[in-house]
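Next comes start28.txt, a file with compact mmCIF, N, CA and C atoms.
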```
# COMPACT_ATOMS: atom_id res chain seq x y z
N PRO A 1 7.97 -7.70 -1.15
CA PRO A 1 9.23 -7.56 -0.43
C PRO A 1 9.20 -6.35 0.52
N LEU A 2 9.99 -6.43 1.56
CA LEU A 2 10.07 -5.31 2.51
C LEU A 2 10.92 -4.17 1.97
N MET A 3 11.79 -4.47 1.03
CA MET A 3 12.74 -3.48 0.52
C MET A 3 12.65 -3.47 -1.01
N MET A 4 12.50 -2.28 -1.58
CA MET A 4 12.38 -2.18 -3.03
C MET A 4 13.30 -1.09 -3.57
N ASN A 5 13.68 -1.23 -4.82
CA ASN A 5 14.58 -0.32 -5.48
C ASN A 5 14.03 1.11 -5.46
N GLN A 6 14.90 2.06 -5.24
CA GLN A 6 14.49 3.47 -5.19
C GLN A 6 13.78 3.89 -6.47
N ARG A 7 14.20 3.34 -7.61
CA ARG A 7 13.57 3.69 -8.90
C ARG A 7 12.07 3.44 -8.88
N LEU A 8 11.64 2.37 -8.20
CA LEU A 8 10.21 2.06 -8.12
C LEU A 8 9.46 3.18 -7.42
N TRP A 9 10.04 3.69 -6.34
CA TRP A 9 9.39 4.77 -5.58
C TRP A 9 9.34 6.05 -6.40
N GLU A 10 10.37 6.29 -7.22
CA GLU A 10 10.37 7.46 -8.08
C GLU A 10 9.31 7.31 -9.17
N GLU A 11 9.26 6.13 -9.77
CA GLU A 11 8.31 5.87 -10.86
C GLU A 11 6.87 5.97 -10.37
N SER A 12 6.60 5.51 -9.17
CA SER A 12 5.23 5.50 -8.65
C SER A 12 4.75 6.89 -8.22
N GLY A 13 5.69 7.83 -8.05
CA GLY A 13 5.31 9.15 -7.59
C GLY A 13 5.38 9.33 -6.08
N HIS A 14 5.62 8.24 -5.37
CA HIS A 14 5.71 8.32 -3.91
C HIS A 14 6.97 9.05 -3.45
N TRP A 15 8.02 8.96 -4.25
CA TRP A 15 9.31 9.55 -3.89
C TRP A 15 9.16 11.05 -3.60
N ASP A 16 8.50 11.77 -4.48
CA ASP A 16 8.38 13.22 -4.33
C ASP A 16 7.69 13.61 -3.02
N HIS A 17 6.81 12.77 -2.54
CA HIS A 17 6.02 13.12 -1.36
C HIS A 17 6.54 12.50 -0.07
N TYR A 18 7.25 11.37 -0.16
CA TYR A 18 7.56 10.61 1.06
C TYR A 18 9.04 10.31 1.31
N HIS A 19 9.94 10.68 0.39
CA HIS A 19 11.33 10.23 0.54
C HIS A 19 11.97 10.70 1.84
N GLU A 20 11.53 11.81 2.39
CA GLU A 20 12.11 12.29 3.65
C GLU A 20 11.72 11.39 4.83
N ASN A 21 10.69 10.58 4.64
CA ASN A 21 10.22 9.70 5.71
C ASN A 21 10.49 8.22 5.41
N MET A 22 11.50 7.97 4.57
CA MET A 22 11.83 6.60 4.19
C MET A 22 13.22 6.23 4.71
N TYR A 23 13.39 4.93 4.97
CA TYR A 23 14.69 4.39 5.37
C TYR A 23 15.37 3.78 4.14
N PHE A 24 16.68 4.04 3.99
CA PHE A 24 17.40 3.58 2.80
C PHE A 24 18.60 2.73 3.17
N THR A 25 18.98 1.90 2.22
CA THR A 25 20.22 1.14 2.30
C THR A 25 20.76 0.99 0.89
N GLU A 26 21.99 0.60 0.77
CA GLU A 26 22.59 0.41 -0.54
C GLU A 26 23.01 -1.05 -0.68
N VAL A 27 22.65 -1.65 -1.80
CA VAL A 27 23.01 -3.03 -2.10
C VAL A 27 23.64 -3.04 -3.49
N ASP A 28 24.88 -3.50 -3.58
CA ASP A 28 25.58 -3.54 -4.88
C ASP A 28 25.48 -2.20 -5.62
N GLU A 29 25.74 -1.13 -4.91
CA GLU A 29 25.76 0.22 -5.47
C GLU A 29 24.40 0.69 -5.98
N THR A 30 23.33 0.08 -5.50
CA THR A 30 21.98 0.48 -5.86
C THR A 30 21.22 0.81 -4.58
N ARG A 31 20.50 1.96 -4.60
CA ARG A 31 19.75 2.36 -3.41
C ARG A 31 18.41 1.64 -3.35
N PHE A 32 18.10 1.15 -2.15
CA PHE A 32 16.84 0.51 -1.86
C PHE A 32 16.21 1.20 -0.67
N ALA A 33 14.89 1.10 -0.56
CA ALA A 33 14.18 1.67 0.58
C ALA A 33 13.28 0.62 1.21
N LEU A 34 13.23 0.65 2.54
CA LEU A 34 12.23 -0.15 3.23
C LEU A 34 10.87 0.45 2.89
N LYS A 35 9.90 -0.39 2.63
CA LYS A 35 8.64 0.15 2.13
C LYS A 35 7.85 0.88 3.21
N PRO A 36 7.42 2.12 2.91
CA PRO A 36 6.57 2.86 3.84
C PRO A 36 5.09 2.64 3.54
N MET A 37 4.79 2.03 2.40
CA MET A 37 3.41 1.72 2.03
C MET A 37 3.43 0.60 0.99
N ASN A 38 2.27 0.01 0.75
CA ASN A 38 2.18 -1.18 -0.10
C ASN A 38 1.84 -0.89 -1.57
N CYS A 39 1.46 0.32 -1.89
CA CYS A 39 0.93 0.64 -3.23
C CYS A 39 1.81 0.16 -4.38
N PRO A 40 3.09 0.54 -4.43
CA PRO A 40 3.89 0.13 -5.60
C PRO A 40 4.02 -1.38 -5.74
N GLY A 41 4.10 -2.10 -4.62
CA GLY A 41 4.17 -3.56 -4.69
C GLY A 41 2.91 -4.16 -5.28
N HIS A 42 1.75 -3.61 -4.92
CA HIS A 42 0.50 -4.11 -5.47
C HIS A 42 0.40 -3.81 -6.96
N MET A 43 0.91 -2.66 -7.37
CA MET A 43 0.91 -2.33 -8.79
C MET A 43 1.81 -3.30 -9.58
N LEU A 44 2.94 -3.68 -8.99
CA LEU A 44 3.82 -4.66 -9.65
C LEU A 44 3.12 -6.00 -9.81
N ILE A 45 2.40 -6.42 -8.77
CA ILE A 45 1.65 -7.68 -8.85
C ILE A 45 0.63 -7.59 -9.98
N PHE A 46 -0.11 -6.49 -10.02
CA PHE A 46 -1.15 -6.32 -11.04
C PHE A 46 -0.56 -6.35 -12.44
N LYS A 47 0.54 -5.63 -12.66
CA LYS A 47 1.07 -5.54 -14.02
C LYS A 47 2.04 -6.68 -14.36
N ASN A 48 2.13 -7.67 -13.51
CA ASN A 48 3.00 -8.82 -13.75
C ASN A 48 2.50 -9.70 -14.89
N ALA A 49 1.24 -9.55 -15.24
CA ALA A 49 0.67 -10.35 -16.32
C ALA A 49 -0.20 -9.47 -17.20
N LEU A 50 -0.38 -9.89 -18.44
CA LEU A 50 -1.28 -9.20 -19.34
C LEU A 50 -2.70 -9.43 -18.83
N ARG A 51 -3.46 -8.37 -18.68
CA ARG A 51 -4.80 -8.47 -18.09
C ARG A 51 -5.87 -8.11 -19.11
N SER A 52 -7.02 -8.74 -18.95
CA SER A 52 -8.20 -8.41 -19.74
C SER A 52 -9.21 -7.71 -18.83
N TYR A 53 -10.01 -6.84 -19.40
CA TYR A 53 -11.06 -6.20 -18.63
C TYR A 53 -12.04 -7.23 -18.07
N ARG A 54 -12.09 -8.41 -18.70
CA ARG A 54 -13.00 -9.47 -18.23
C ARG A 54 -12.56 -10.05 -16.89
N GLU A 55 -11.28 -9.88 -16.53
CA GLU A 55 -10.77 -10.39 -15.25
C GLU A 55 -11.16 -9.50 -14.07
N LEU A 56 -11.57 -8.29 -14.37
CA LEU A 56 -11.86 -7.33 -13.31
C LEU A 56 -13.20 -7.61 -12.66
N PRO A 57 -13.35 -7.37 -11.39
CA PRO A 57 -12.39 -6.72 -10.51
C PRO A 57 -11.30 -7.68 -10.03
N ILE A 58 -10.12 -7.11 -9.83
CA ILE A 58 -9.01 -7.83 -9.19
C ILE A 58 -8.75 -7.13 -7.87
N ARG A 59 -8.73 -7.90 -6.80
CA ARG A 59 -8.54 -7.35 -5.46
C ARG A 59 -7.24 -7.89 -4.88
N ILE A 60 -6.36 -6.97 -4.48
CA ILE A 60 -5.09 -7.37 -3.86
C ILE A 60 -5.07 -6.78 -2.47
N SER A 61 -4.85 -7.65 -1.48
CA SER A 61 -4.78 -7.17 -0.11
C SER A 61 -3.55 -7.73 0.57
N GLU A 62 -3.15 -7.07 1.64
CA GLU A 62 -1.91 -7.46 2.31
C GLU A 62 -1.94 -6.95 3.75
N PHE A 63 -1.48 -7.79 4.65
CA PHE A 63 -1.14 -7.35 6.00
C PHE A 63 0.37 -7.22 5.98
N GLY A 64 0.87 -6.05 5.59
CA GLY A 64 2.29 -5.88 5.34
C GLY A 64 2.96 -4.97 6.33
N GLN A 65 4.18 -5.33 6.68
CA GLN A 65 5.00 -4.50 7.57
C GLN A 65 5.50 -3.30 6.78
N VAL A 66 5.29 -2.11 7.32
CA VAL A 66 5.79 -0.89 6.68
C VAL A 66 6.64 -0.11 7.68
N HIS A 67 7.55 0.68 7.15
CA HIS A 67 8.51 1.43 7.98
C HIS A 67 8.50 2.88 7.54
N ARG A 68 8.31 3.78 8.49
CA ARG A 68 8.29 5.21 8.19
C ARG A 68 9.19 5.95 9.17
N HIS A 69 10.05 6.78 8.63
CA HIS A 69 10.95 7.55 9.48
C HIS A 69 10.21 8.78 9.99
N GLU A 70 9.46 8.58 11.07
CA GLU A 70 8.76 9.69 11.70
C GLU A 70 9.75 10.41 12.59
N PHE A 71 9.70 11.72 12.59
CA PHE A 71 10.59 12.49 13.45
C PHE A 71 10.21 12.25 14.90
N SER A 72 11.20 12.25 15.79
CA SER A 72 10.97 11.89 17.18
C SER A 72 9.87 12.74 17.82
N GLY A 73 9.76 13.99 17.45
CA GLY A 73 8.72 14.85 18.01
C GLY A 73 7.32 14.50 17.54
N ALA A 74 7.22 13.73 16.45
CA ALA A 74 5.92 13.35 15.92
C ALA A 74 5.43 12.01 16.45
N LEU A 75 6.33 11.23 17.09
CA LEU A 75 5.94 9.93 17.60
C LEU A 75 4.92 10.10 18.71
N ASN A 76 3.87 9.26 18.68
CA ASN A 76 2.79 9.42 19.65
C ASN A 76 2.09 8.09 19.86
N GLY A 77 2.57 7.29 20.81
CA GLY A 77 1.90 6.02 21.13
C GLY A 77 1.68 5.16 19.92
N MET A 78 0.42 4.82 19.66
CA MET A 78 0.08 3.97 18.52
C MET A 78 -0.33 4.77 17.29
N MET A 79 -0.38 6.10 17.41
CA MET A 79 -0.85 6.91 16.29
C MET A 79 0.27 7.24 15.29
N ARG A 80 1.46 7.53 15.77
CA ARG A 80 2.59 7.84 14.90
C ARG A 80 3.75 6.99 15.38
N VAL A 81 4.04 5.93 14.65
CA VAL A 81 5.11 5.01 15.01
C VAL A 81 6.02 4.81 13.79
N ARG A 82 7.14 4.16 14.00
CA ARG A 82 8.09 3.99 12.89
C ARG A 82 7.92 2.71 12.11
N THR A 83 7.29 1.72 12.70
CA THR A 83 7.00 0.49 11.96
C THR A 83 5.70 -0.09 12.47
N PHE A 84 4.90 -0.63 11.55
CA PHE A 84 3.63 -1.22 11.93
C PHE A 84 3.15 -2.15 10.81
N CYS A 85 2.21 -2.98 11.14
CA CYS A 85 1.61 -3.88 10.16
C CYS A 85 0.36 -3.18 9.62
N GLN A 86 0.37 -2.90 8.34
CA GLN A 86 -0.73 -2.17 7.72
C GLN A 86 -1.61 -3.13 6.94
N ASP A 87 -2.91 -3.13 7.26
CA ASP A 87 -3.84 -3.89 6.44
C ASP A 87 -4.26 -2.96 5.31
N ASP A 88 -3.97 -3.39 4.11
CA ASP A 88 -4.10 -2.50 2.96
C ASP A 88 -4.65 -3.29 1.79
N ALA A 89 -5.36 -2.62 0.91
CA ALA A 89 -5.90 -3.28 -0.28
C ALA A 89 -5.97 -2.30 -1.43
N HIS A 90 -5.86 -2.84 -2.62
CA HIS A 90 -6.05 -2.06 -3.84
C HIS A 90 -7.01 -2.84 -4.74
N LEU A 91 -7.99 -2.12 -5.26
CA LEU A 91 -9.01 -2.73 -6.11
C LEU A 91 -8.82 -2.21 -7.53
N PHE A 92 -8.74 -3.12 -8.47
CA PHE A 92 -8.61 -2.78 -9.88
C PHE A 92 -9.94 -3.12 -10.52
N VAL A 93 -10.69 -2.09 -10.94
CA VAL A 93 -12.06 -2.27 -11.41
C VAL A 93 -12.31 -1.49 -12.69
N ARG A 94 -13.35 -1.91 -13.39
CA ARG A 94 -13.83 -1.13 -14.53
C ARG A 94 -14.70 0.00 -13.98
N PRO A 95 -14.88 1.06 -14.73
CA PRO A 95 -15.73 2.16 -14.26
C PRO A 95 -17.14 1.71 -13.85
N ASP A 96 -17.70 0.75 -14.59
CA ASP A 96 -19.05 0.30 -14.26
C ASP A 96 -19.09 -0.57 -13.01
N GLN A 97 -17.96 -0.92 -12.43
CA GLN A 97 -17.90 -1.75 -11.23
C GLN A 97 -17.63 -0.93 -9.96
N ILE A 98 -17.34 0.35 -10.11
CA ILE A 98 -16.92 1.16 -8.97
C ILE A 98 -17.97 1.19 -7.86
N ALA A 99 -19.21 1.52 -8.19
CA ALA A 99 -20.25 1.65 -7.17
C ALA A 99 -20.45 0.32 -6.43
N GLU A 100 -20.50 -0.77 -7.16
CA GLU A 100 -20.68 -2.09 -6.55
C GLU A 100 -19.52 -2.44 -5.61
N GLU A 101 -18.30 -2.12 -6.01
CA GLU A 101 -17.13 -2.40 -5.17
C GLU A 101 -17.14 -1.55 -3.90
N ILE A 102 -17.48 -0.28 -4.04
CA ILE A 102 -17.57 0.58 -2.85
C ILE A 102 -18.62 0.04 -1.89
N ASN A 103 -19.76 -0.34 -2.40
CA ASN A 103 -20.82 -0.90 -1.55
C ASN A 103 -20.36 -2.19 -0.88
N ALA A 104 -19.62 -3.02 -1.59
CA ALA A 104 -19.12 -4.27 -1.01
C ALA A 104 -18.11 -4.00 0.10
N VAL A 105 -17.24 -3.01 -0.10
CA VAL A 105 -16.26 -2.66 0.93
C VAL A 105 -16.98 -2.12 2.17
N LEU A 106 -17.96 -1.24 1.98
CA LEU A 106 -18.71 -0.69 3.11
C LEU A 106 -19.48 -1.79 3.84
N ALA A 107 -20.03 -2.75 3.12
CA ALA A 107 -20.73 -3.87 3.75
C ALA A 107 -19.76 -4.72 4.57
N LEU A 108 -18.55 -4.92 4.05
CA LEU A 108 -17.55 -5.68 4.78
C LEU A 108 -17.15 -4.96 6.07
N ILE A 109 -16.92 -3.66 5.98
CA ILE A 109 -16.59 -2.87 7.18
C ILE A 109 -17.72 -2.96 8.20
N ASP A 110 -18.95 -2.81 7.73
CA ASP A 110 -20.11 -2.90 8.63
C ASP A 110 -20.18 -4.27 9.30
N ARG A 111 -19.90 -5.32 8.55
CA ARG A 111 -19.91 -6.68 9.10
C ARG A 111 -18.89 -6.82 10.23
N PHE A 112 -17.68 -6.32 10.02
CA PHE A 112 -16.66 -6.38 11.06
C PHE A 112 -17.03 -5.52 12.26
N TYR A 113 -17.55 -4.34 12.02
CA TYR A 113 -17.97 -3.47 13.13
C TYR A 113 -19.03 -4.16 14.00
N ARG A 114 -20.00 -4.82 13.34
CA ARG A 114 -21.06 -5.48 14.10
C ARG A 114 -20.52 -6.61 14.98
N VAL A 115 -19.47 -7.30 14.51
CA VAL A 115 -18.85 -8.35 15.33
C VAL A 115 -18.38 -7.78 16.67
N PHE A 116 -17.91 -6.54 16.65
CA PHE A 116 -17.38 -5.91 17.85
C PHE A 116 -18.40 -4.99 18.52
N GLY A 117 -19.66 -5.06 18.09
CA GLY A 117 -20.73 -4.32 18.76
C GLY A 117 -20.88 -2.87 18.35
N PHE A 118 -20.27 -2.47 17.23
CA PHE A 118 -20.42 -1.09 16.76
C PHE A 118 -21.54 -1.00 15.73
N ASP A 119 -22.22 0.13 15.69
CA ASP A 119 -23.25 0.35 14.68
C ASP A 119 -22.63 0.90 13.42
```
Translate this structure into structure tokens?
Amino acid sequence: PLMMNQRLWEESGHWDHYHENMYFTEVDETRFALKPMNCPGHMLIFKNALRSYRELPIRISEFGQVHRHEFSGALNGMMRVRTFCQDDAHLFVRPDQIAEEINAVLALIDRFYRVFGFD
């Protein structure tokens, strides 16, 4: 969802660091925020079911619209904007899978770079 309950942002720890840069609204006397990042939503997807270590790795990705209240003096073309589509992913892995997952992500990045002629 584009908008999530303020409690979720507090529980995830994002509130303490980002609440000054979030947009809020109230629905039925409950505060909601437009999402400035995808992390808490991906965590909700992951914990929506009982998981076994045998299911790992689990990869969640999203091209999601995010909204950040950047101060007008910080806005700068495409570098600092108030809303954008963020390609984002979270990998849930066992410790013994970390190196392999990092190598797979780097190989994927390299593959995309080569398509556009970058080394």
### Task
For Met3 (chain A), work out the shell of residues within 6.5 Å, counting only N, CA and C atoms and skipping chain neighbours fewer than 4 positions away, then give it as a list in words.
Phe32, Ala33, Leu34 and Lys35 of chain A
Alpha helix (DSSP H) per DSSP on the backbone: members of chain A, as an mmCIF file with N, CA and C atoms, in the coordinates of the input:
```
data_model
loop_
_atom_site.group_PDB
_atom_site.id
_atom_site.type_symbol
_atom_site.label_atom_id
_atom_site.label_comp_id
_atom_site.auth_asym_id
_atom_site.auth_seq_id
_atom_site.Cartn_x
_atom_site.Cartn_y
_atom_site.Cartn_z
ATOM 1 N N GLN A 6 14.900 2.060 -5.240
ATOM 2 C CA GLN A 6 14.490 3.470 -5.190
ATOM 3 C C GLN A 6 13.780 3.890 -6.470
ATOM 4 N N ARG A 7 14.200 3.340 -7.610
ATOM 5 C CA ARG A 7 13.570 3.690 -8.900
ATOM 6 C C ARG A 7 12.070 3.440 -8.880
ATOM 7 N N LEU A 8 11.640 2.370 -8.200
ATOM 8 C CA LEU A 8 10.210 2.060 -8.120
ATOM 9 C C LEU A 8 9.460 3.180 -7.420
ATOM 10 N N TRP A 9 10.040 3.690 -6.340
ATOM 11 C CA TRP A 9 9.390 4.770 -5.580
ATOM 12 C C TRP A 9 9.340 6.050 -6.400
ATOM 13 N N GLU A 10 10.370 6.290 -7.220
ATOM 14 C CA GLU A 10 10.370 7.460 -8.080
ATOM 15 C C GLU A 10 9.310 7.310 -9.170
ATOM 16 N N GLU A 11 9.260 6.130 -9.770
ATOM 17 C CA GLU A 11 8.310 5.870 -10.860
ATOM 18 C C GLU A 11 6.870 5.970 -10.370
ATOM 19 N N SER A 12 6.600 5.510 -9.170
ATOM 20 C CA SER A 12 5.230 5.500 -8.650
ATOM 21 C C SER A 12 4.750 6.890 -8.220
ATOM 22 N N HIS A 14 5.620 8.240 -5.370
ATOM 23 C CA HIS A 14 5.710 8.320 -3.910
ATOM 24 C C HIS A 14 6.970 9.050 -3.450
ATOM 25 N N TRP A 15 8.020 8.960 -4.250
ATOM 26 C CA TRP A 15 9.310 9.550 -3.890
ATOM 27 C C TRP A 15 9.160 11.050 -3.600
ATOM 28 N N ASP A 16 8.500 11.770 -4.480
ATOM 29 C CA ASP A 16 8.380 13.220 -4.330
ATOM 30 C C ASP A 16 7.690 13.610 -3.020
ATOM 31 N N HIS A 17 6.810 12.770 -2.540
ATOM 32 C CA HIS A 17 6.020 13.120 -1.360
ATOM 33 C C HIS A 17 6.540 12.500 -0.070
ATOM 34 N N TYR A 18 7.250 11.370 -0.160
ATOM 35 C CA TYR A 18 7.560 10.610 1.060
ATOM 36 C C TYR A 18 9.040 10.310 1.310
ATOM 37 N N CYS A 39 1.460 0.320 -1.890
ATOM 38 C CA CYS A 39 0.930 0.640 -3.230
ATOM 39 C C CYS A 39 1.810 0.160 -4.380
ATOM 40 N N PRO A 40 3.090 0.540 -4.430
ATOM 41 C CA PRO A 40 3.890 0.130 -5.600
ATOM 42 C C PRO A 40 4.020 -1.380 -5.740
ATOM 43 N N GLY A 41 4.100 -2.100 -4.620
ATOM 44 C CA GLY A 41 4.170 -3.560 -4.690
ATOM 45 C C GLY A 41 2.910 -4.160 -5.280
ATOM 46 N N HIS A 42 1.750 -3.610 -4.920
ATOM 47 C CA HIS A 42 0.500 -4.110 -5.470
ATOM 48 C C HIS A 42 0.400 -3.810 -6.960
ATOM 49 N N MET A 43 0.910 -2.660 -7.370
ATOM 50 C CA MET A 43 0.910 -2.330 -8.790
ATOM 51 C C MET A 43 1.810 -3.300 -9.580
ATOM 52 N N LEU A 44 2.940 -3.680 -8.990
ATOM 53 C CA LEU A 44 3.820 -4.660 -9.650
ATOM 54 C C LEU A 44 3.120 -6.000 -9.810
ATOM 55 N N ILE A 45 2.400 -6.420 -8.770
ATOM 56 C CA ILE A 45 1.650 -7.680 -8.850
ATOM 57 C C ILE A 45 0.630 -7.590 -9.980
ATOM 58 N N PHE A 46 -0.110 -6.490 -10.020
ATOM 59 C CA PHE A 46 -1.150 -6.320 -11.040
ATOM 60 C C PHE A 46 -0.560 -6.350 -12.440
ATOM 61 N N ILE A 98 -17.340 0.350 -10.110
ATOM 62 C CA ILE A 98 -16.920 1.160 -8.970
ATOM 63 C C ILE A 98 -17.970 1.190 -7.860
ATOM 64 N N ALA A 99 -19.210 1.520 -8.190
ATOM 65 C CA ALA A 99 -20.250 1.650 -7.170
ATOM 66 C C ALA A 99 -20.450 0.320 -6.430
ATOM 67 N N GLU A 100 -20.500 -0.770 -7.160
ATOM 68 C CA GLU A 100 -20.680 -2.090 -6.550
ATOM 69 C C GLU A 100 -19.520 -2.440 -5.610
ATOM 70 N N GLU A 101 -18.300 -2.120 -6.010
ATOM 71 C CA GLU A 101 -17.130 -2.400 -5.170
ATOM 72 C C GLU A 101 -17.140 -1.550 -3.900
ATOM 73 N N ILE A 102 -17.480 -0.280 -4.040
ATOM 74 C CA ILE A 102 -17.570 0.580 -2.850
ATOM 75 C C ILE A 102 -18.620 0.040 -1.890
ATOM 76 N N ASN A 103 -19.760 -0.340 -2.400
ATOM 77 C CA ASN A 103 -20.820 -0.900 -1.550
ATOM 78 C C ASN A 103 -20.360 -2.190 -0.880
ATOM 79 N N ALA A 104 -19.620 -3.020 -1.590
ATOM 80 C CA ALA A 104 -19.120 -4.270 -1.010
ATOM 81 C C ALA A 104 -18.110 -4.000 0.100
ATOM 82 N N VAL A 105 -17.240 -3.010 -0.100
ATOM 83 C CA VAL A 105 -16.260 -2.660 0.930
ATOM 84 C C VAL A 105 -16.980 -2.120 2.170
ATOM 85 N N LEU A 106 -17.960 -1.240 1.980
ATOM 86 C CA LEU A 106 -18.710 -0.690 3.110
ATOM 87 C C LEU A 106 -19.480 -1.790 3.840
ATOM 88 N N ALA A 107 -20.030 -2.750 3.120
ATOM 89 C CA ALA A 107 -20.730 -3.870 3.750
ATOM 90 C C ALA A 107 -19.760 -4.720 4.570
ATOM 91 N N LEU A 108 -18.550 -4.920 4.050
ATOM 92 C CA LEU A 108 -17.550 -5.680 4.780
ATOM 93 C C LEU A 108 -17.150 -4.960 6.070
ATOM 94 N N ILE A 109 -16.920 -3.660 5.980
ATOM 95 C CA ILE A 109 -16.590 -2.870 7.180
ATOM 96 C C ILE A 109 -17.720 -2.960 8.200
ATOM 97 N N ASP A 110 -18.950 -2.810 7.730
ATOM 98 C CA ASP A 110 -20.110 -2.900 8.630
ATOM 99 C C ASP A 110 -20.180 -4.270 9.300
ATOM 100 N N ARG A 111 -19.900 -5.320 8.550
ATOM 101 C CA ARG A 111 -19.910 -6.680 9.100
ATOM 102 C C ARG A 111 -18.890 -6.820 10.230
ATOM 103 N N PHE A 112 -17.680 -6.320 10.020
ATOM 104 C CA PHE A 112 -16.660 -6.380 11.060
ATOM 105 C C PHE A 112 -17.030 -5.520 12.260
ATOM 106 N N TYR A 113 -17.550 -4.340 12.020
ATOM 107 C CA TYR A 113 -17.970 -3.470 13.130
ATOM 108 C C TYR A 113 -19.030 -4.160 14.000
ATOM 109 N N ARG A 114 -20.000 -4.820 13.340
ATOM 110 C CA ARG A 114 -21.060 -5.480 14.100
ATOM 111 C C ARG A 114 -20.520 -6.610 14.980
ATOM 112 N N VAL A 115 -19.470 -7.300 14.510
ATOM 113 C CA VAL A 115 -18.850 -8.350 15.330
ATOM 114 C C VAL A 115 -18.380 -7.780 16.670
#
```
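Taking CA of Ser12 (chain A) as the reference point, atom N of His67 (chain A) is found at 16.7 Å.
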### Query
A:Gln65, A:Ser52, A:Ile98, A:Leu106: which is nearest Phe84 (chain A), counting all atoms listed in the file?
A:Gln65
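Between Pro40 (chain A) and the candidates A:His69, A:Arg59, A:Arg82, A:Leu8, the tightest atom-to-atom separation, counting all atoms listed in the file, involves A:Leu8.
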### Query
From the list A:Val115, A:Pro36, A:Pro57, A:Phe24, which residue is nearest Gln97 (chain A) when using all atoms listed in the file?
A:Pro57
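With atom C of Pro1 (chain A) on one side and atom N of Phe112 (chain A) on the other, the separation reads 28.5 Å.
Shortest atom-to-atom contact with Ser61 (chain A) among A:Leu2, A:Lys47, A:Leu91, A:Met37: A:Leu91, counting only N, CA and C atoms.
Between CA of Glu55 (chain A) and atom N of Asp110 (chain A) the interatomic distance comes to 25.5 Å.
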DSSP on the backbone: what in chain A comes out strand (DSSP E), as a compact mmCIF listing (two decimals) with N, CA and C atoms, keeping the file's coordinate frame?
```
# COMPACT_ATOMS: atom_id res chain seq x y z
N MET A 3 11.79 -4.47 1.03
CA MET A 3 12.74 -3.48 0.52
C MET A 3 12.65 -3.47 -1.01
N MET A 4 12.50 -2.28 -1.58
CA MET A 4 12.38 -2.18 -3.03
C MET A 4 13.30 -1.09 -3.57
N ASN A 5 13.68 -1.23 -4.82
CA ASN A 5 14.58 -0.32 -5.48
C ASN A 5 14.03 1.11 -5.46
N PHE A 24 16.68 4.04 3.99
CA PHE A 24 17.40 3.58 2.80
C PHE A 24 18.60 2.73 3.17
N THR A 25 18.98 1.90 2.22
CA THR A 25 20.22 1.14 2.30
C THR A 25 20.76 0.99 0.89
N GLU A 26 21.99 0.60 0.77
CA GLU A 26 22.59 0.41 -0.54
C GLU A 26 23.01 -1.05 -0.68
N VAL A 27 22.65 -1.65 -1.80
CA VAL A 27 23.01 -3.03 -2.10
C VAL A 27 23.64 -3.04 -3.49
N THR A 30 23.33 0.08 -5.50
CA THR A 30 21.98 0.48 -5.86
C THR A 30 21.22 0.81 -4.58
N ARG A 31 20.50 1.96 -4.60
CA ARG A 31 19.75 2.36 -3.41
C ARG A 31 18.41 1.64 -3.35
N PHE A 32 18.10 1.15 -2.15
CA PHE A 32 16.84 0.51 -1.86
C PHE A 32 16.21 1.20 -0.67
N ALA A 33 14.89 1.10 -0.56
CA ALA A 33 14.18 1.67 0.58
C ALA A 33 13.28 0.62 1.21
N LEU A 34 13.23 0.65 2.54
CA LEU A 34 12.23 -0.15 3.23
C LEU A 34 10.87 0.45 2.89
N ILE A 58 -10.12 -7.11 -9.83
CA ILE A 58 -9.01 -7.83 -9.19
C ILE A 58 -8.75 -7.13 -7.87
N ARG A 59 -8.73 -7.90 -6.80
CA ARG A 59 -8.54 -7.35 -5.46
C ARG A 59 -7.24 -7.89 -4.88
N ILE A 60 -6.36 -6.97 -4.48
CA ILE A 60 -5.09 -7.37 -3.86
C ILE A 60 -5.07 -6.78 -2.47
N SER A 61 -4.85 -7.65 -1.48
CA SER A 61 -4.78 -7.17 -0.11
C SER A 61 -3.55 -7.73 0.57
N GLU A 62 -3.15 -7.07 1.64
CA GLU A 62 -1.91 -7.46 2.31
C GLU A 62 -1.94 -6.95 3.75
N PHE A 63 -1.48 -7.79 4.65
CA PHE A 63 -1.14 -7.35 6.00
C PHE A 63 0.37 -7.22 5.98
N GLY A 64 0.87 -6.05 5.59
CA GLY A 64 2.29 -5.88 5.34
C GLY A 64 2.96 -4.97 6.33
N GLN A 65 4.18 -5.33 6.68
CA GLN A 65 5.00 -4.50 7.57
C GLN A 65 5.50 -3.30 6.78
N VAL A 66 5.29 -2.11 7.32
CA VAL A 66 5.79 -0.89 6.68
C VAL A 66 6.64 -0.11 7.68
N HIS A 67 7.55 0.68 7.15
CA HIS A 67 8.51 1.43 7.98
C HIS A 67 8.50 2.88 7.54
N THR A 83 7.29 1.72 12.70
CA THR A 83 7.00 0.49 11.96
C THR A 83 5.70 -0.09 12.47
N PHE A 84 4.90 -0.63 11.55
CA PHE A 84 3.63 -1.22 11.93
C PHE A 84 3.15 -2.15 10.81
N CYS A 85 2.21 -2.98 11.14
CA CYS A 85 1.61 -3.88 10.16
C CYS A 85 0.36 -3.18 9.62
N GLN A 86 0.37 -2.90 8.34
CA GLN A 86 -0.73 -2.17 7.72
C GLN A 86 -1.61 -3.13 6.94
N ASP A 87 -2.91 -3.13 7.26
CA ASP A 87 -3.84 -3.89 6.44
C ASP A 87 -4.26 -2.96 5.31
N ASP A 88 -3.97 -3.39 4.11
CA ASP A 88 -4.10 -2.50 2.96
C ASP A 88 -4.65 -3.29 1.79
N ALA A 89 -5.36 -2.62 0.91
CA ALA A 89 -5.90 -3.28 -0.28
C ALA A 89 -5.97 -2.30 -1.43
N HIS A 90 -5.86 -2.84 -2.62
CA HIS A 90 -6.05 -2.06 -3.84
C HIS A 90 -7.01 -2.84 -4.74
N LEU A 91 -7.99 -2.12 -5.26
CA LEU A 91 -9.01 -2.73 -6.11
C LEU A 91 -8.82 -2.21 -7.53
N PHE A 92 -8.74 -3.12 -8.47
CA PHE A 92 -8.61 -2.78 -9.88
C PHE A 92 -9.94 -3.12 -10.52
```
